[in-house]
>>> print(open('upload_32.txt').read())   # compact mmCIF, C-alpha atoms
# COMPACT_ATOMS: atom_id res chain seq x y z
CA MET A 1 -46.35 42.82 4.84
CA ASN A 2 -46.77 39.44 3.14
CA LYS A 3 -45.88 38.91 -0.48
CA LEU A 4 -46.35 36.10 -3.00
CA VAL A 5 -44.00 36.27 -5.98
CA VAL A 6 -44.47 33.96 -8.96
CA GLN A 7 -41.85 34.11 -11.71
CA ASN A 8 -42.09 32.44 -15.15
CA LEU A 9 -43.89 29.38 -13.83
CA ALA A 10 -44.34 26.52 -16.30
CA LYS A 11 -45.73 23.03 -15.89
CA ARG A 12 -46.02 20.08 -18.22
CA PHE A 13 -47.17 16.51 -17.69
CA ASP A 14 -45.00 14.34 -19.96
CA SER A 15 -45.15 16.08 -23.34
CA ARG A 16 -48.38 17.98 -22.64
CA ARG A 17 -47.85 21.59 -21.66
CA VAL A 18 -50.32 22.78 -19.02
CA PHE A 19 -49.19 26.41 -18.74
CA LYS A 20 -46.05 28.49 -19.17
CA ASP A 21 -44.62 31.90 -18.29
CA ILE A 22 -47.00 32.62 -15.43
CA SER A 23 -45.73 35.60 -13.44
CA PHE A 24 -47.42 37.81 -10.87
CA GLU A 25 -46.75 39.49 -7.57
CA LEU A 26 -49.29 40.01 -4.79
CA THR A 27 -49.09 41.71 -1.40
CA SER A 28 -51.47 41.57 1.58
CA GLY A 29 -54.93 42.83 0.65
CA GLU A 30 -54.49 41.90 -3.01
CA SER A 31 -56.09 38.98 -4.76
CA ILE A 32 -55.89 37.20 -8.08
CA ALA A 33 -58.47 35.22 -10.01
CA ILE A 34 -57.08 32.34 -12.05
CA THR A 35 -59.53 31.67 -14.83
CA GLY A 36 -59.66 29.56 -17.94
CA PRO A 37 -61.64 26.80 -19.59
CA ASN A 38 -61.89 23.28 -18.15
CA GLY A 39 -58.52 21.52 -18.32
CA SER A 40 -56.57 24.76 -18.70
CA GLY A 41 -54.57 24.05 -15.52
CA LYS A 42 -56.24 26.24 -12.87
CA SER A 43 -56.03 23.57 -10.16
CA THR A 44 -52.57 22.49 -11.32
CA LEU A 45 -51.37 26.09 -10.94
CA VAL A 46 -52.89 26.29 -7.44
CA LEU A 47 -51.11 23.06 -6.48
CA CYS A 48 -47.83 24.36 -7.97
CA LEU A 49 -48.17 27.50 -5.86
CA LEU A 50 -48.71 25.30 -2.81
CA ALA A 51 -45.60 23.22 -3.67
CA GLN A 52 -47.67 20.10 -4.28
CA TYR A 53 -46.41 19.91 -7.87
CA HIS A 54 -42.88 20.77 -8.88
CA PRO A 55 -42.96 23.27 -11.74
CA ASN A 56 -40.82 22.48 -14.80
CA ASN A 57 -39.65 26.06 -14.85
CA GLY A 58 -39.89 29.22 -12.75
CA LYS A 59 -40.24 29.69 -9.02
CA VAL A 60 -42.68 30.64 -6.29
CA SER A 61 -41.56 32.70 -3.27
CA TYR A 62 -43.47 33.47 -0.10
CA LEU A 63 -42.15 36.54 1.72
CA TYR A 64 -42.84 38.31 5.00
CA ASP A 65 -41.23 41.76 5.25
CA GLU A 66 -39.00 40.77 2.29
CA LYS A 67 -37.75 37.72 4.21
CA LYS A 68 -38.37 34.36 2.53
CA LEU A 69 -40.65 32.05 4.51
CA SER A 70 -39.57 28.51 5.38
CA GLU A 71 -41.67 25.48 4.37
CA ILE A 72 -42.99 25.23 7.93
CA GLU A 73 -43.96 28.92 7.94
CA ILE A 74 -45.72 28.51 4.59
CA GLN A 75 -47.67 25.55 6.00
CA GLN A 76 -48.59 27.55 9.10
CA ASN A 77 -49.78 30.52 7.10
CA SER A 78 -51.59 29.09 4.09
CA GLY A 79 -54.99 27.50 3.63
CA LEU A 80 -56.75 25.76 0.74
CA VAL A 81 -60.44 25.23 0.06
CA SER A 82 -61.22 23.05 -2.93
CA PRO A 83 -63.53 20.24 -4.01
CA TYR A 84 -60.59 17.77 -4.28
CA LEU A 85 -59.44 18.40 -0.71
CA ASN A 86 -60.94 15.84 1.67
CA LEU A 87 -61.19 16.00 5.45
CA TYR A 88 -61.35 13.01 7.82
CA GLY A 89 -64.83 11.50 7.59
CA GLN A 90 -64.38 9.43 10.76
CA LEU A 91 -63.56 12.52 12.82
CA THR A 92 -66.03 15.16 13.94
CA ALA A 93 -65.94 18.69 12.53
CA GLU A 94 -64.35 19.97 15.76
CA GLU A 95 -61.73 17.22 15.72
CA ASN A 96 -60.87 18.04 12.11
CA ILE A 97 -60.45 21.74 12.91
CA LYS A 98 -58.36 20.96 16.01
CA PHE A 99 -56.17 18.44 14.17
CA PHE A 100 -55.39 20.60 11.13
CA THR A 101 -54.70 23.63 13.33
CA SER A 102 -52.42 21.78 15.77
CA ILE A 103 -50.49 19.93 13.06
CA ARG A 104 -49.74 23.31 11.46
CA GLY A 105 -48.26 24.37 14.78
CA ASN A 106 -51.04 26.82 15.65
CA ASN A 107 -53.36 26.95 18.66
CA ILE A 108 -57.15 27.20 18.76
CA THR A 109 -59.60 27.35 21.65
CA GLY A 110 -63.04 25.76 21.91
CA SER A 111 -64.79 29.12 21.65
CA GLU A 112 -62.80 30.01 18.52
CA ILE A 113 -63.93 26.71 16.96
CA ASN A 114 -67.56 27.48 17.84
CA ASN A 115 -67.25 30.96 16.32
CA LEU A 116 -65.81 29.52 13.12
CA LEU A 117 -68.55 26.90 12.86
CA LYS A 118 -71.16 29.60 13.43
CA LYS A 119 -69.58 31.78 10.76
CA VAL A 120 -69.75 29.02 8.13
CA GLY A 121 -73.27 27.98 9.14
CA LEU A 122 -72.43 24.73 10.94
CA GLU A 123 -73.42 25.83 14.43
CA GLY A 124 -74.52 22.85 16.53
CA ARG A 125 -73.02 20.31 14.09
CA GLY A 126 -69.47 20.40 15.45
CA ASN A 127 -69.73 17.02 17.17
CA ASP A 128 -71.10 15.19 14.13
CA ASN A 129 -68.85 12.89 12.12
CA VAL A 130 -67.90 14.53 8.83
CA ALA A 131 -68.79 11.32 6.96
CA GLY A 132 -72.43 12.21 7.60
CA TYR A 133 -72.11 15.69 6.11
CA SER A 134 -73.58 16.67 2.75
CA SER A 135 -71.17 17.98 0.09
CA GLY A 136 -72.23 21.56 0.86
CA MET A 137 -71.63 21.10 4.59
CA SER A 138 -68.20 19.59 3.86
CA GLN A 139 -67.37 22.62 1.73
CA ARG A 140 -68.37 24.93 4.60
CA LEU A 141 -66.22 22.92 7.00
CA LYS A 142 -63.23 23.24 4.65
CA TYR A 143 -63.54 27.02 5.08
CA ALA A 144 -63.62 26.63 8.85
CA VAL A 145 -60.50 24.41 8.74
CA ALA A 146 -58.67 26.80 6.42
CA LEU A 147 -59.59 29.89 8.45
CA ALA A 148 -58.76 28.28 11.82
CA SER A 149 -55.05 28.93 11.25
CA LYS A 150 -55.69 32.59 10.29
CA PRO A 151 -53.95 32.12 6.93
CA LYS A 152 -51.98 34.92 5.32
CA PHE A 153 -52.24 33.12 1.95
CA LEU A 154 -55.69 31.73 1.16
CA PHE A 155 -56.24 29.55 -1.92
CA LEU A 156 -59.82 29.04 -3.06
CA ASP A 157 -60.34 26.58 -5.92
CA GLU A 158 -63.97 26.72 -7.09
CA PRO A 159 -64.87 28.55 -3.86
CA THR A 160 -68.65 28.20 -4.02
CA SER A 161 -68.76 24.65 -5.35
CA ASN A 162 -71.63 22.65 -3.76
CA LEU A 163 -72.86 25.66 -1.76
CA ASP A 164 -76.47 26.88 -1.64
CA ASP A 165 -77.33 30.60 -1.85
CA GLN A 166 -77.06 31.01 1.92
CA GLY A 167 -73.65 29.33 1.87
CA LYS A 168 -72.47 31.56 -0.97
CA GLU A 169 -73.49 34.64 1.01
CA ALA A 170 -71.69 33.38 4.11
CA ILE A 171 -68.52 32.73 2.11
CA ALA A 172 -68.70 36.14 0.39
CA SER A 173 -68.86 37.85 3.77
CA ILE A 174 -65.97 35.73 5.07
CA ILE A 175 -63.87 36.69 2.04
CA GLU A 176 -64.64 40.37 2.63
CA GLU A 177 -63.68 39.99 6.28
CA VAL A 178 -60.30 38.35 5.68
CA ARG A 179 -59.17 40.00 2.45
CA GLN A 180 -57.53 43.06 4.12
CA ASN A 181 -54.81 40.96 5.76
CA THR A 182 -54.69 38.08 3.31
CA ILE A 183 -53.39 37.29 -0.15
CA LEU A 184 -56.28 35.60 -1.94
CA ILE A 185 -55.87 33.25 -4.90
CA ILE A 186 -59.18 32.26 -6.47
CA ALA A 187 -59.36 29.63 -9.22
CA THR A 188 -62.75 29.81 -10.87
CA ASN A 189 -64.84 30.16 -13.99
CA GLU A 190 -67.70 31.93 -12.24
CA LYS A 191 -67.91 35.63 -13.13
CA GLU A 192 -69.22 36.71 -9.72
CA GLU A 193 -66.27 34.93 -8.07
CA TYR A 194 -63.47 36.34 -10.18
CA SER A 195 -64.94 39.81 -9.96
CA LEU A 196 -63.97 39.66 -6.25
CA ALA A 197 -60.27 39.69 -7.20
CA THR A 198 -58.04 42.68 -7.81
CA HIS A 199 -55.93 40.89 -10.48
CA LYS A 200 -56.67 38.29 -13.13
CA CYS A 201 -54.60 35.48 -14.62
CA GLN A 202 -56.13 33.92 -17.72
CA LEU A 203 -54.99 30.40 -18.57
CA GLY A 204 -55.51 28.42 -21.76
CA ASN A 205 -54.58 31.17 -24.21
CA MET H 1 -44.81 35.87 11.50
CA PRO H 2 -47.21 36.19 14.41
CA HIS H 3 -47.98 32.50 14.83
CA THR H 4 -46.76 30.31 17.67
CA SER H 5 -44.48 27.46 16.76
CA ALA H 6 -45.16 23.97 18.13
CA SER H 7 -42.26 21.57 18.40
CA LEU H 8 -41.84 18.59 16.09
CA ALA H 9 -42.60 16.30 19.05
CA THR H 10 -45.99 17.99 19.57
CA LYS H 11 -46.84 17.61 15.89
CA CYS H 12 -45.81 13.92 15.91
CA LEU H 13 -48.02 13.39 18.93
CA THR H 14 -50.94 15.19 17.23
CA MET H 15 -50.46 12.91 14.22
CA LEU H 16 -50.35 9.79 16.42
CA VAL H 17 -53.47 10.76 18.38
CA LYS H 18 -55.38 11.38 15.14
CA ASP H 19 -54.39 7.96 13.74
CA LEU H 20 -55.25 6.22 17.02
CA LYS H 21 -58.69 7.89 17.02
CA LEU H 22 -59.32 6.77 13.43
CA GLU H 23 -58.15 3.23 14.22
CA LEU H 24 -60.28 2.96 17.35
CA ARG H 25 -63.30 3.99 15.27
CA ASP H 26 -62.90 1.57 12.35
CA LYS H 27 -60.42 -0.98 13.87
CA TYR H 28 -59.36 -2.06 10.38
CA ALA H 29 -55.63 -2.52 10.97
CA LEU H 30 -56.03 -3.96 14.47
CA ASN H 31 -58.54 -6.57 13.29
CA ALA H 32 -56.35 -7.44 10.29
CA VAL H 33 -53.16 -8.07 12.28
CA LEU H 34 -54.89 -9.88 15.14
CA MET H 35 -57.01 -12.09 12.88
CA PHE H 36 -54.02 -13.09 10.77
CA GLY H 37 -51.75 -13.69 13.74
CA ILE H 38 -54.17 -15.68 15.85
CA THR H 39 -55.59 -17.70 12.94
CA THR H 40 -52.11 -18.68 11.69
CA LEU H 41 -50.99 -19.63 15.16
CA ALA H 42 -54.12 -21.71 15.77
CA VAL H 43 -53.74 -23.58 12.45
CA VAL H 44 -50.07 -24.36 13.15
CA SER H 45 -50.90 -25.48 16.66
CA PHE H 46 -53.67 -27.85 15.48
CA SER H 47 -51.36 -29.28 12.81
CA LEU H 48 -48.54 -29.89 15.27
CA GLY H 49 -50.67 -31.64 17.87
CA GLN H 50 -48.39 -32.99 20.61
CA ARG H 51 -45.23 -32.95 18.47
CA ASN H 52 -42.39 -30.54 19.23
CA LEU H 53 -40.68 -28.59 16.48
CA PRO H 54 -36.87 -28.27 16.37
CA PRO H 55 -35.52 -24.81 17.41
CA HIS H 56 -34.64 -23.65 13.88
CA LEU H 57 -38.22 -24.27 12.72
CA LEU H 58 -39.68 -22.62 15.83
CA GLY H 59 -37.70 -19.44 15.17
CA ALA H 60 -38.71 -19.33 11.51
CA LEU H 61 -42.35 -20.06 12.35
CA PHE H 62 -42.57 -17.28 14.95
CA TRP H 63 -41.13 -14.60 12.67
CA VAL H 64 -43.14 -15.73 9.65
CA ILE H 65 -46.32 -15.30 11.71
CA MET H 66 -45.15 -11.90 12.97
CA PHE H 67 -44.07 -10.76 9.51
CA PHE H 68 -47.26 -11.66 7.66
CA SER H 69 -49.48 -10.35 10.46
CA ALA H 70 -47.56 -7.07 10.37
CA MET H 71 -47.78 -6.84 6.59
CA SER H 72 -51.54 -7.36 6.64
CA GLY H 73 -52.12 -4.28 8.79
CA LEU H 74 -49.17 -1.91 8.87
CA ALA H 75 -49.34 -0.85 5.20
CA HIS H 76 -52.88 0.37 5.83
CA ILE H 77 -51.65 3.48 7.63
CA PHE H 78 -50.70 5.30 4.41
CA ILE H 79 -53.13 3.57 2.05
CA ARG H 80 -55.99 4.88 4.24
CA GLU H 81 -54.85 8.47 3.62
CA GLU H 82 -54.66 7.92 -0.14
CA GLU H 83 -57.94 6.02 -0.44
CA SER H 84 -59.93 8.50 1.63
CA GLY H 85 -58.34 11.39 -0.31
CA THR H 86 -57.04 13.06 2.85
CA SER H 87 -53.36 12.90 1.88
CA LEU H 88 -53.45 16.30 0.13
CA ALA H 89 -54.88 18.02 3.20
CA LEU H 90 -52.24 16.29 5.31
CA ARG H 91 -49.39 17.21 2.96
CA LEU H 92 -50.48 20.85 3.00
CA ALA H 93 -50.69 21.05 6.78
CA ALA H 94 -48.13 18.68 8.28
CA PRO H 95 -44.33 18.59 8.00
CA PRO H 96 -43.17 15.28 6.43
CA ASP H 97 -41.07 14.39 9.50
CA ALA H 98 -44.13 14.65 11.75
CA VAL H 99 -46.16 12.47 9.38
CA TYR H 100 -43.47 9.78 9.21
CA ILE H 101 -42.72 9.71 12.95
CA GLY H 102 -46.41 9.83 13.90
CA LYS H 103 -47.21 6.92 11.61
CA LEU H 104 -44.13 4.98 12.72
CA LEU H 105 -45.26 5.34 16.34
CA PHE H 106 -48.76 4.21 15.40
CA ASN H 107 -47.39 1.09 13.67
CA LEU H 108 -45.15 0.48 16.67
CA ILE H 109 -48.14 0.52 19.01
CA LEU H 110 -50.12 -1.77 16.69
CA LEU H 111 -47.31 -4.31 16.34
CA SER H 112 -46.59 -4.17 20.08
CA VAL H 113 -50.22 -5.08 20.82
CA LEU H 114 -49.92 -8.00 18.39
CA THR H 115 -46.60 -9.09 19.94
CA VAL H 116 -47.98 -9.01 23.48
CA ILE H 117 -50.85 -11.27 22.40
CA ILE H 118 -49.03 -13.59 19.98
CA THR H 119 -45.81 -14.28 21.92
CA PRO H 120 -47.31 -15.98 25.01
CA LEU H 121 -49.73 -17.92 22.78
CA PHE H 122 -46.80 -19.05 20.63
CA PHE H 123 -44.92 -20.38 23.68
CA ILE H 124 -48.05 -22.19 24.88
CA PHE H 125 -49.14 -23.71 21.54
CA THR H 126 -45.72 -24.77 20.22
CA ASN H 127 -44.06 -25.87 23.45
CA ALA H 128 -41.17 -23.50 22.76
CA PRO H 129 -38.61 -23.54 25.64
CA VAL H 130 -40.03 -21.17 28.26
CA SER H 131 -36.61 -20.89 29.93
CA SER H 132 -35.47 -18.71 27.03
CA ALA H 133 -38.51 -16.39 27.24
CA ILE H 134 -36.76 -13.61 29.22
CA ASP H 135 -33.72 -13.67 26.94
CA PHE H 136 -36.11 -13.47 23.98
CA ILE H 137 -37.36 -9.99 25.02
CA PRO H 138 -34.46 -7.93 23.54
CA ILE H 139 -34.77 -9.77 20.20
CA LEU H 140 -38.51 -9.23 20.28
CA ILE H 141 -38.17 -5.50 20.94
CA LEU H 142 -35.54 -4.98 18.23
CA GLY H 143 -37.49 -7.21 15.83
CA VAL H 144 -40.66 -5.17 16.30
CA LEU H 145 -38.73 -1.90 15.88
CA GLY H 146 -37.02 -3.24 12.75
CA LEU H 147 -40.25 -4.50 11.19
CA CYS H 148 -42.02 -1.20 11.91
CA SER H 149 -39.22 1.00 10.60
CA ALA H 150 -39.01 -1.02 7.36
CA THR H 151 -42.72 -1.42 6.71
CA THR H 152 -43.64 2.21 7.44
CA LEU H 153 -41.44 3.52 4.63
CA ILE H 154 -42.50 0.74 2.25
CA ALA H 155 -46.14 1.54 3.08
CA ALA H 156 -45.58 5.19 2.17
CA ILE H 157 -44.00 4.22 -1.16
CA ILE H 158 -46.72 1.79 -2.17
CA ALA H 159 -49.53 4.11 -1.10
CA ARG H 160 -48.32 6.64 -3.69
CA ALA H 161 -47.85 4.01 -6.41
CA ALA H 162 -50.43 2.78 -8.89
CA VAL H 163 -49.53 -0.96 -8.77
CA LYS H 164 -49.63 -1.41 -5.03
CA GLY H 165 -49.56 -5.21 -4.60
CA ALA H 166 -46.70 -5.99 -6.96
CA LEU H 167 -44.58 -3.09 -5.77
CA PHE H 168 -45.05 -4.10 -2.16
CA ALA H 169 -43.58 -7.55 -2.78
CA VAL H 170 -40.69 -6.24 -4.90
CA LEU H 171 -39.75 -3.53 -2.39
CA SER H 172 -40.21 -5.62 0.73
CA PHE H 173 -38.03 -8.54 -0.32
CA PRO H 174 -34.53 -6.96 -0.28
CA ILE H 175 -35.32 -4.72 2.70
CA ILE H 176 -36.96 -7.30 4.94
CA ILE H 177 -34.90 -10.43 4.19
CA PRO H 178 -31.72 -9.40 6.13
CA LEU H 179 -33.89 -8.46 9.10
CA LEU H 180 -35.92 -11.67 9.09
CA LEU H 181 -32.87 -13.92 8.62
CA THR H 182 -31.14 -12.32 11.58
CA LEU H 183 -34.27 -12.60 13.72
CA VAL H 184 -34.72 -16.27 12.81
CA ILE H 185 -31.05 -17.14 13.49
CA SER H 186 -30.97 -15.33 16.84
CA THR H 187 -34.28 -16.89 17.94
CA GLN H 188 -33.01 -20.34 16.95
CA LYS H 189 -29.82 -19.85 19.00
CA LEU H 190 -31.87 -18.78 22.03
CA PHE H 191 -34.21 -21.76 21.76
CA GLU H 192 -31.13 -24.03 21.51
CA GLY H 193 -30.07 -22.74 24.91
CA SER H 194 -27.52 -20.02 24.27
CA GLY H 195 -28.21 -17.00 26.48
CA VAL H 196 -28.26 -13.36 25.42
CA GLY H 197 -24.43 -13.51 25.32
CA GLY H 198 -24.62 -15.96 22.40
CA VAL H 199 -26.66 -13.61 20.22
CA MET H 200 -24.82 -10.33 20.82
CA THR H 201 -23.70 -10.07 17.16
CA GLU H 202 -27.27 -10.49 15.97
CA LEU H 203 -28.54 -7.94 18.52
CA GLN H 204 -25.93 -5.44 17.31
CA PHE H 205 -27.03 -6.02 13.71
CA LEU H 206 -30.71 -5.57 14.63
CA LEU H 207 -29.93 -2.32 16.45
CA ALA H 208 -27.90 -1.02 13.50
CA TYR H 209 -30.63 -2.10 11.04
CA MET H 210 -33.26 -0.18 13.00
CA VAL H 211 -31.13 2.98 13.24
CA VAL H 212 -30.22 2.87 9.53
CA MET H 213 -33.85 2.28 8.51
CA ILE H 214 -35.25 5.09 10.67
CA VAL H 215 -32.56 7.64 9.73
CA GLY H 216 -32.74 6.62 6.06
CA SER H 217 -36.54 6.83 6.11
CA LEU H 218 -36.48 10.29 7.70
CA MET H 219 -34.16 11.47 4.92
CA LEU H 220 -36.13 9.81 2.10
CA PHE H 221 -39.69 10.24 3.30
CA LYS H 222 -40.07 13.82 2.12
CA PHE H 223 -39.37 12.75 -1.47
CA VAL H 224 -41.79 9.84 -1.25
CA TRP H 225 -44.51 11.92 0.38
CA THR H 226 -44.47 14.88 -2.02
CA GLU H 227 -44.67 14.64 -5.83
>>> encode(input="upload_32.txt", output="structure tokens")
Amino acid sequence: MNKLVVQNLAKRFDSRRVFKDISFELTSGESIAITGPNGSGKSTLVLCLLAQYHPNNGKVSYLYDEKKLSEIEIQQNSGLVSPYLNLYGQLTAEENIKFFTSIRGNNITGSEINNLLKKVGLEGRGNDNVAGYSSGMSQRLKYAVALASKPKFLFLDEPTSNLDDQGKEAIASIIEEVRQNTILIIATNEKEEYSLATHKCQLGN
Amino acid sequence: MPHTSASLATKCLTMLVKDLKLELRDKYALNAVLMFGITTLAVVSFSLGQRNLPPHLLGALFWVIMFFSAMSGLAHIFIREEESGTSLALRLAAPPDAVYIGKLLFNLILLSVLTVIITPLFFIFTNAPVSSAIDFIPILILGVLGLCSATTLIAAIIARAAVKGALFAVLSFPIIIPLLLTLVISTQKLFEGSGVGGVMTELQFLLAYMVVMIVGSLMLFKFVWTE
């Protein structure tokens, strides 16, 4: 059983407070929607949870059967999809998936890559350079890259950003498929997206 | 956790292969170092004509060419990640040690290619004493390793900084000067006819410099690479 424990998290940039006293606890199968107006710190909180920002107060713990995960284990078992996350434009979609999976220390086969690309609606485009992708296709590929490592902690910041209706449907079915074994953190302002979550964290109060 | 665990060496290799693929597709760093190195050497050679330079100037000239050629391309390895916005994805997926070692190996390959091309041309164009060429190899190897170990960490620091150009000069100066001075002095001694035995102190310093830089960089890189 995986667990994400957040205790009294606070972050400020210089004298400006972004958020404070954020606490929640999630186990596998649970999800949380982080909502709030623009500039309320949704993405900053996601990056704090992923150890990309050091919080000014509080702590974040990743646990597996009550045992704390190491940094390497967190990297192996977490994935992020967000508009500010860029993949390598000079590499093909398949090369991006292979690279990000191998560098995490996980393995992936060619048929698994094809299945992932099919799932996100990029079948037949795996050998194209990502630089030639539209923003919606890039967003779909980010899901494929994140899911390739079978993450136990999946962070979705503006999950349907740049996606058409077909893409939104594909992502909704992917979320339903993975949510049983995953802790989902969704940062969004879209009602239909945060209604997917079992818990809610409102920022900007 | 049910995942398999790849060794650090495998991750470093994955990092290196990715950077080599990117470089072979845009050839930015390779073109930069080769263009700078060959152009500088050609200009010096035309200016010298048939005249021979004294050994102390030959040593300085060689390492100035190597240093500036290296600087023009090696820093690109981290700046590319920042400018293309891929550094976040990399930080989330890769352990800092694998990133540093992978990029150090990439810079090592790049500078080795430059060295293999520039060194024979330098001996031809400047009439440097060919008899000392074999003895020059250990200095060359340690010089390339020293330059790579120093510039890779500096490149990581400047890539994360807002004022890249100014910071690069300020950081490089105290780190690079001891290395370059030792390289110039040892090269001068070799060109004056002393064998490898005459530059043992310098070789020991270069070896120690490289070890200190790589170990220090491995310890510091994590703090440079994350917030």
>>> atom_distance(input="upload_32.txt", atom1="CA of Leu180 (chain H)", atom2="CA of Ala75 (chain H)")
17.7 Å
>>> residues_around(input="upload_32.txt", residues="Met71 (chain H)", least_positions_apart="4", cutoff="8 Å", atoms="all atoms listed in the file", output="list in words")
Val33, Phe67, Ala75 and Thr151 of chain H
>>> atom_distance(input="upload_32.txt", atom1="CA of Ile109 (chain H)", atom2="CA of Leu85 (chain A)")
28.9 Å
>>> closest_residue(input="upload_32.txt", among="A:Val6, A:Ala131, A:Leu26, A:Val60", to="chain H", atoms="all atoms listed in the file")
A:Ala131
>>> residues_around(input="upload_32.txt", residues="Val224 (chain H)", least_positions_apart="3", cutoff="12 Å", atoms="only C-alpha atoms", output="list in words")
Phe78, Arg91, Pro96, Asp97, Val99, Tyr100, Thr152, Leu153, Ile154, Ala155, Ala156, Ile157, Ile158, Ala159, Arg160, Ala161, Ser217, Leu218, Met219, Leu220, Phe221 and Glu227 of chain H
>>> closest_residue(input="upload_32.txt", among="A:Gly39, A:Pro159, A:Gly79, A:Gly126", to="chain H", atoms="only C-alpha atoms")
A:Gly79
>>> closest_atom_pairs(input="upload_32.txt", of="chain A", to="chain H", cutoff="7 Å", atoms="all atoms listed in the file", output="JSON lines")
{"residue": "A:Gln52", "atom": "CA", "partner": "H:Glu227", "partner_atom": "CA", "distance": 6.4}
{"residue": "A:Tyr53", "atom": "CA", "partner": "H:Glu227", "partner_atom": "CA", "distance": 5.9}
{"residue": "A:Ile72", "atom": "CA", "partner": "H:Pro95", "partner_atom": "CA", "distance": 6.8}
{"residue": "A:Gln75", "atom": "CA", "partner": "H:Ala93", "partner_atom": "CA", "distance": 5.5}
{"residue": "A:Leu85", "atom": "CA", "partner": "H:Ala89", "partner_atom": "CA", "distance": 6.0}
{"residue": "A:Asn86", "atom": "CA", "partner": "H:Thr86", "partner_atom": "CA", "distance": 4.9}
{"residue": "A:Leu87", "atom": "CA", "partner": "H:Thr86", "partner_atom": "CA", "distance": 5.7}
{"residue": "A:Tyr88", "atom": "CA", "partner": "H:Thr86", "partner_atom": "CA", "distance": 6.6}
{"residue": "A:Gln90", "atom": "CA", "partner": "H:Leu22", "partner_atom": "CA", "distance": 6.3}
{"residue": "A:Phe99", "atom": "CA", "partner": "H:Thr14", "partner_atom": "CA", "distance": 6.9}
{"residue": "A:Phe100", "atom": "CA", "partner": "H:Ala93", "partner_atom": "CA", "distance": 6.4}
{"residue": "A:Ser102", "atom": "CA", "partner": "H:Thr14", "partner_atom": "CA", "distance": 6.9}
{"residue": "A:Ile103", "atom": "CA", "partner": "H:Lys11", "partner_atom": "CA", "distance": 5.2}
{"residue": "A:Arg104", "atom": "CA", "partner": "H:Ala93", "partner_atom": "CA", "distance": 5.3}
{"residue": "A:Gly105", "atom": "CA", "partner": "H:Ala6", "partner_atom": "CA", "distance": 4.6}
{"residue": "A:Asn106", "atom": "CA", "partner": "H:Thr4", "partner_atom": "CA", "distance": 5.9}
>>> residues_around(input="upload_32.txt", residues="Gln166 (chain A)", least_positions_apart="5", cutoff="12 Å", atoms="only C-alpha atoms", output="VMD selection string")
chain A and resid 119 to 122 136 to 137 140 160 171 to 173
>>> closest_residue(input="upload_32.txt", among="A:Thr92, A:Ser40, A:Thr188, A:Thr109", to="Gly124 (chain A)", atoms="all atoms listed in the file")
A:Thr92
>>> atom_distance(input="upload_32.txt", atom1="CA of Phe122 (chain H)", atom2="CA of Trp63 (chain H)")
10.7 Å
>>> residues_near_point(input="upload_32.txt", point="(-25.3, -15.9, 22.2)", cutoff="12 Å", atoms="only C-alpha atoms", output="ChimeraX atom specification")
/H:132,135-136,139,185-204
>>> write_last_selection(input="upload_32.txt", atoms="C-alpha atoms", output="PDB file, in the frame of the given file")
ATOM      1  CA  SER H 132     -35.470 -18.710  27.030  1.00  0.00           C
ATOM      2  CA  ASP H 135     -33.720 -13.670  26.940  1.00  0.00           C
ATOM      3  CA  PHE H 136     -36.110 -13.470  23.980  1.00  0.00           C
ATOM      4  CA  ILE H 139     -34.770  -9.770  20.200  1.00  0.00           C
ATOM      5  CA  ILE H 185     -31.050 -17.140  13.490  1.00  0.00           C
ATOM      6  CA  SER H 186     -30.970 -15.330  16.840  1.00  0.00           C
ATOM      7  CA  THR H 187     -34.280 -16.890  17.940  1.00  0.00           C
ATOM      8  CA  GLN H 188     -33.010 -20.340  16.950  1.00  0.00           C
ATOM      9  CA  LYS H 189     -29.820 -19.850  19.000  1.00  0.00           C
ATOM     10  CA  LEU H 190     -31.870 -18.780  22.030  1.00  0.00           C
ATOM     11  CA  PHE H 191     -34.210 -21.760  21.760  1.00  0.00           C
ATOM     12  CA  GLU H 192     -31.130 -24.030  21.510  1.00  0.00           C
ATOM     13  CA  GLY H 193     -30.070 -22.740  24.910  1.00  0.00           C
ATOM     14  CA  SER H 194     -27.520 -20.020  24.270  1.00  0.00           C
ATOM     15  CA  GLY H 195     -28.210 -17.000  26.480  1.00  0.00           C
ATOM     16  CA  VAL H 196     -28.260 -13.360  25.420  1.00  0.00           C
ATOM     17  CA  GLY H 197     -24.430 -13.510  25.320  1.00  0.00           C
ATOM     18  CA  GLY H 198     -24.620 -15.960  22.400  1.00  0.00           C
ATOM     19  CA  VAL H 199     -26.660 -13.610  20.220  1.00  0.00           C
ATOM     20  CA  MET H 200     -24.820 -10.330  20.820  1.00  0.00           C
ATOM     21  CA  THR H 201     -23.700 -10.070  17.160  1.00  0.00           C
ATOM     22  CA  GLU H 202     -27.270 -10.490  15.970  1.00  0.00           C
ATOM     23  CA  LEU H 203     -28.540  -7.940  18.520  1.00  0.00           C
ATOM     24  CA  GLN H 204     -25.930  -5.440  17.310  1.00  0.00           C
TER      25      GLN H 204
END
>>> closest_residue(input="upload_32.txt", among="H:Asn107, H:Met35, H:Leu24, H:Asn52", to="Ile124 (chain H)", atoms="all atoms listed in the file")
H:Asn52
>>> residues_around(input="upload_32.txt", residues="Ile176 (chain H)", least_positions_apart="5", cutoff="9 Å", atoms="all atoms listed in the file", output="compact mmCIF listing (two decimals) with C-alpha atoms, in the coordinates of the input")
# COMPACT_ATOMS: atom_id res chain seq x y z
CA GLY H 146 -37.02 -3.24 12.75
CA LEU H 147 -40.25 -4.50 11.19
CA ALA H 150 -39.01 -1.02 7.36
CA THR H 151 -42.72 -1.42 6.71
CA LEU H 171 -39.75 -3.53 -2.39
CA LEU H 181 -32.87 -13.92 8.62
